[in-house]
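Here's the structure, in structure tokens; my notes come after.
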Amino acid sequence: MKNLPTKADILSFIEDNPTKTNKRDIARAFGIKGAARIDLKRMLKELQNEGHLEKRRKTYREDGALPPVSVCRVTGVDGDGDLFLEPVEVDDAPPRVLFIAKDGDPALAEGDRVLCRLTKVSGEDHAYEARLIRRIGTGPAKILGIYRKGAEAGRVTPIDKGDDKEWRVPPGAVSGALDGELVEAEQTGPKSRMGLPQARIVARLGDPAGPRAVSLIAIHQHGIPDEFPDDVIAEAENAKPVKLGKREDLRELPLVTIDPSDARDHDDACYAHADDDPKNKGGHVVWVAIADVAYYVTPGSKLDIEARKRGNSTYFPDRVVPMLPEALSGDLCSLHEGVERPCMAVRMVLDSQGNKLSHRFTRGLMRSPASLNYEEVQAGQDGAPNDKVAPLMESVIAPLFAAYEALKSARGRRQPLELDLPERRIAMDDDGKVISVAFRDRLDAHKLIEEFMVLANVCAAEELKARNTPLLYRVHEEPSPEKLDALREIVQASGLTLAKGQVLQTRHLNQLLAQAEGTDQAELINISALRSMTQAYYGPQNFGHFGLALKDYAHFTSPIRRYADLIVHRALISAHNFGNDGLVDDDLKSTGEHISMTERRSMVAERDTTDRYLAAYLADRVGTEMEGRVSGIAKFGMFVKLDGSGADGLIPIGTLGREYFAYDRDAQTLRGEKSGVVIGLGARVLVRLAEATPITGGLVLELLELDGKALPQTGGRGRGGPPKGRKTGKYKAKGAKLKKKLSRKRG
């Protein structure tokens, strides 16, 4: 006992030697041998009971202290440029960890996970300092799911369609989540002895069946930033209205905004009049004015960093996740009726056939006389103007449509791709419940604005290209040969033709769509043509826009909701010396890749949300028979797009008929092995809704009829069909025996 250290000696040793804290290390350090080890064990137990030490497996450490080697997550950089981390295994109030970089360490970004050696410090605003051992990855695997309590540990069941893997949540990592609550969790360890990956809950999202939970699920599932940092909001709220200064005064031009009736922000306005130049008889002058977001969101500002991070606004049926705070997106940058607003404008001169003769960009100050919606503008053009539109018919609306007719003529000669893919509109009540699903009408008022915006975007690309100013183009490359071959196979199977052996142009696809129009194959051909297209993206190299049949194209007209447009605005400011807030030296390639990713992220989130709302809408209609068309073929079944709602449901292959169906990837068909029935894209079907799961957005359907006929009944399911020969009697006897057992139990 005399040779034993004091408790203070043991605590001091553990603090100074965080990597040598098992009982053997402590005994060796103090020369404790033989029976004295029993007394050391007792002292360590007392230190535990007194709350001074915590035992983790076979090692001891100061109670509440982190392991000397820990996995940490990068949380970001502070105002002084220091990089900070937080340990992933600490649930509540994780300590602050300062990262000490050494030469050769890789650059770390927010969300990265790293294995670090930690040293405890005192007298600082952080509790530990960390040195890198190795980078583990760009962030832990995350899951969105429903939390279920358990006797020893909880479970999180994913909400993703097709993902049935549960995650185990130990008692200390629950974060107060309630049974049945929607949660976000992240992986903290490998599979446990139960065979399940271990996770901790990082966010509680409430009742999964609650109002507007659907879009919240998509926001968290896809990692869309939906909360603005306080300093970003403060920067937006400190912004002031713009004075005329050196800007061109456009306040007398009747530039009107035309948007959906529920639009909260207005980033484009237009005006047209007949050209009074005698050399351009029958010509038109068109003005397009766009909100001057670049004035408020300057390069390198907190607003700029946050806008780039988001990349774009994301639109859901019940909410918008904006790229810019409300103080800008809904107020100072929005071209509201009757108030002065800064703008970037382009004046375009067209001839009578809609060909652009010239254009000129300016930075101005405007005041819109009216904020209109598509429906009232269309009604005015059709002869039934309301009180707001009537005074503007002769001076504003009629000249806009006259210019549109000329542009429509030019569009017909250019032949952009004319896919007929109607857009769904989900109507909801105040409680967030879907009350109707319909397809949006495509009015001439919609097409008018689209044509004006396309023309303004072309002018921006041509202007910057001519001035050799770097910019981000909107690029849409032509389809790959492989996708075109697949399209040709589908076209030929439908009895139509798509020319081969020549450079494909959009007019060739339009001819195909015209052949299919009005036939049973029309929807199939439109869907197949869309699937053959490459995905558009943003990049500093100009490869043209195949779908619009344009050589030069950039996004200029929506800087409130797209970062790409803000980049183009800054490029125009630099090219024309409109101010000192133009484009600075920027890695446009990296920016283009990032905002192309955020655009795809938003598209997937919006699609998933629509699927979930449609599943909720159809949940009360389980058992109902519906008509639709086969929209996709896979090895595990086929997808059907339902008439009316446009929802997509799955018919599992195991429920098809009573035979084995072979999947042909190239032809995109399922073929019955015995009946020879072929199910392909575009086939008309009658189905019964078997299951609707709002939480995942999944619809399961049962096939009743294919092209007006029931599937042939060819015997038992499965590759081998029904059992043959002497086995048949054996199976019958087994079935009879089972029936007898069941009847005895019921009796």
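By convention in this document, the chains of the structure tokens carry letters A, B, ... by their order, each chain's residues are numbered from 1, and ligands are numbered from 1 in the order they are shown.
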
Would you list the contacts of region 488-492 of chain A as a PyMOL selection string, taking every protein, DNA or RNA residue within 12 Å and counting only C-alpha atoms, but skipping same-chain residues closer than 3 positions in sequence? chain A and resi 481-485+495-501+504+509+512-513+515-516+521-529+531-532+665-669+680-682

Enumerate the residues of region 308-379 of chain A with a DSSP assignment of strand (DSSP E or B), computed from the backbone, and present them as a PyMOL selection string. chain A and resi 312+314-315+320-321+337+340-350+356-368+371-373

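Every protein, DNA or RNA residue with an atom at most 12 Å from Tyr663 (chain A), where only C-alpha atoms count and chain neighbours fewer than 3 positions away do not, is listed here: Gly632, Ile633, Ala634, Lys635, Phe636, Gly637, Met638, Ile653, Tyr660, Asp666, Ala667, Gln668, Thr669, Leu670, Arg671, Gly672, Glu673, Val678, Ile679 and Gly680 of chain A.
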
Run DSSP on the backbone and give me the residues of region 373-503 of chain A it puts in alpha helix (DSSP H), as a VMD selection string. chain A and resid 374 to 381 398 to 414 444 to 466 481 to 493

Exercise: Arg507 (chain A) partners within 9 Å, only C-alpha atoms, chain neighbours under 3 positions left out, as a short mmCIF file (atom, residue, chain, number, x, y, z; two decimals) with C-alpha atoms, in the first residue's frame:
```
data_model
loop_
_atom_site.label_atom_id
_atom_site.label_comp_id
_atom_site.auth_asym_id
_atom_site.auth_seq_id
_atom_site.Cartn_x
_atom_site.Cartn_y
_atom_site.Cartn_z
CA ARG A 414 -35.24 27.52 -85.89
CA GLN A 415 -37.12 24.35 -84.88
CA PRO A 416 -36.23 23.87 -81.19
CA LEU A 417 -37.31 20.58 -79.68
CA LEU A 504 -29.29 14.62 -85.83
CA ASN A 510 -39.91 17.26 -84.22
CA GLN A 511 -40.85 15.41 -87.40
CA LEU A 512 -40.95 12.20 -85.38
#
```

Quick one: everything within 12 Å of Ala151 (chain A), counting only C-alpha atoms, minus sequence neighbours fewer than 3 positions away in the same chain. Send it as an MDAnalysis selection string. chainID A and resid 148 154:155 168:171

Dump C-alpha atoms for the selected residues as a PDB file, in the first residue's frame?
```pdb
ATOM      1  CA  ARG A 148     -38.714   3.355 -32.981  1.00  0.00           C
ATOM      2  CA  GLY A 154     -33.712   2.231 -30.731  1.00  0.00           C
ATOM      3  CA  ARG A 155     -34.006   1.712 -34.467  1.00  0.00           C
ATOM      4  CA  ARG A 168     -29.340   0.898 -34.522  1.00  0.00           C
ATOM      5  CA  VAL A 169     -29.365   3.903 -32.169  1.00  0.00           C
ATOM      6  CA  PRO A 170     -27.730   3.316 -28.746  1.00  0.00           C
ATOM      7  CA  PRO A 171     -29.377   4.892 -25.674  1.00  0.00           C
TER       8      PRO A 171
END
```

Please provide as a tab-separated table (two decimals) with all heavy atoms, in the first residue's frame all residues within 8 Å of Ser602 (chain A), with the sequence filter that same-chain residues fewer than 6 positions apart are discarded (counting only C-alpha atoms).
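The file below, selection_8.tsv, is the result:
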```tsv
chain	number	residue	atom	x	y	z
A	224	ILE	N	-30.54	20.16	-48.58
A	224	ILE	CA	-30.76	21.52	-49.11
A	224	ILE	C	-30.73	22.51	-47.94
A	224	ILE	O	-31.53	22.39	-47.01
A	224	ILE	CB	-32.11	21.60	-49.85
A	224	ILE	CG1	-32.07	20.68	-51.07
A	224	ILE	CG2	-32.42	23.03	-50.27
A	224	ILE	CD1	-33.41	20.52	-51.77
A	313	SER	N	-32.88	28.54	-56.03
A	313	SER	CA	-34.05	28.34	-55.17
A	313	SER	C	-34.65	26.98	-55.48
A	313	SER	O	-34.51	26.47	-56.60
A	313	SER	CB	-35.09	29.43	-55.40
A	313	SER	OG	-34.57	30.71	-55.10
A	314	THR	N	-35.32	26.38	-54.49
A	314	THR	CA	-35.98	25.09	-54.69
A	314	THR	C	-37.46	25.28	-54.40
A	314	THR	O	-37.83	25.85	-53.36
A	314	THR	CB	-35.38	24.03	-53.74
A	314	THR	OG1	-33.96	23.99	-53.93
A	314	THR	CG2	-35.96	22.67	-54.04
A	315	TYR	N	-38.30	24.80	-55.32
A	315	TYR	CA	-39.74	25.05	-55.24
A	315	TYR	C	-40.50	23.77	-54.94
A	315	TYR	O	-40.37	22.77	-55.65
A	315	TYR	CB	-40.24	25.66	-56.55
A	315	TYR	CG	-39.69	27.04	-56.81
A	315	TYR	CD1	-38.44	27.21	-57.41
A	315	TYR	CD2	-40.39	28.18	-56.43
A	315	TYR	CE1	-37.92	28.48	-57.62
A	315	TYR	CE2	-39.88	29.45	-56.64
A	315	TYR	CZ	-38.64	29.59	-57.24
A	315	TYR	OH	-38.12	30.85	-57.44
```

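Near Ala307 (chain A), within 9 Å and counting only C-alpha atoms, sit Val297, Lys302, Leu303, Asp304, Arg310, Gly311, Asn312, Met323, Leu324, Arg562 and Tyr563 of chain A, not including residues fewer than 3 positions from it in the same chain.
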
Could you write out the selected residues, including C-alpha atoms, as a tab-separated table (two decimals), in the first residue's frame?
```
chain	number	residue	atom	x	y	z
A	297	VAL	CA	-25.02	40.52	-53.71
A	302	LYS	CA	-21.68	36.74	-46.92
A	303	LEU	CA	-24.75	36.89	-49.17
A	304	ASP	CA	-22.64	35.80	-52.14
A	310	ARG	CA	-27.43	27.07	-52.40
A	311	GLY	CA	-26.96	27.49	-56.16
A	312	ASN	CA	-30.64	28.10	-56.80
A	323	MET	CA	-31.47	31.34	-52.78
A	324	LEU	CA	-31.60	34.80	-51.18
A	562	ARG	CA	-30.29	31.12	-59.97
A	563	TYR	CA	-26.65	31.82	-59.15
```

Computed interatomic separation between CA of Glu405 (chain A) and CA of Lys447 (chain A) (Å):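 Those two atoms sit 10.4 Å apart.
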
Check the smallest atom-to-atom distance from each of A:Gln353, A:Ser596, A:Gln187, A:Ser368 to Glu337 (chain A) using only C-alpha atoms, then report the winner.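 Distance minimum relative to Glu337 (chain A) lands on A:Ser368.
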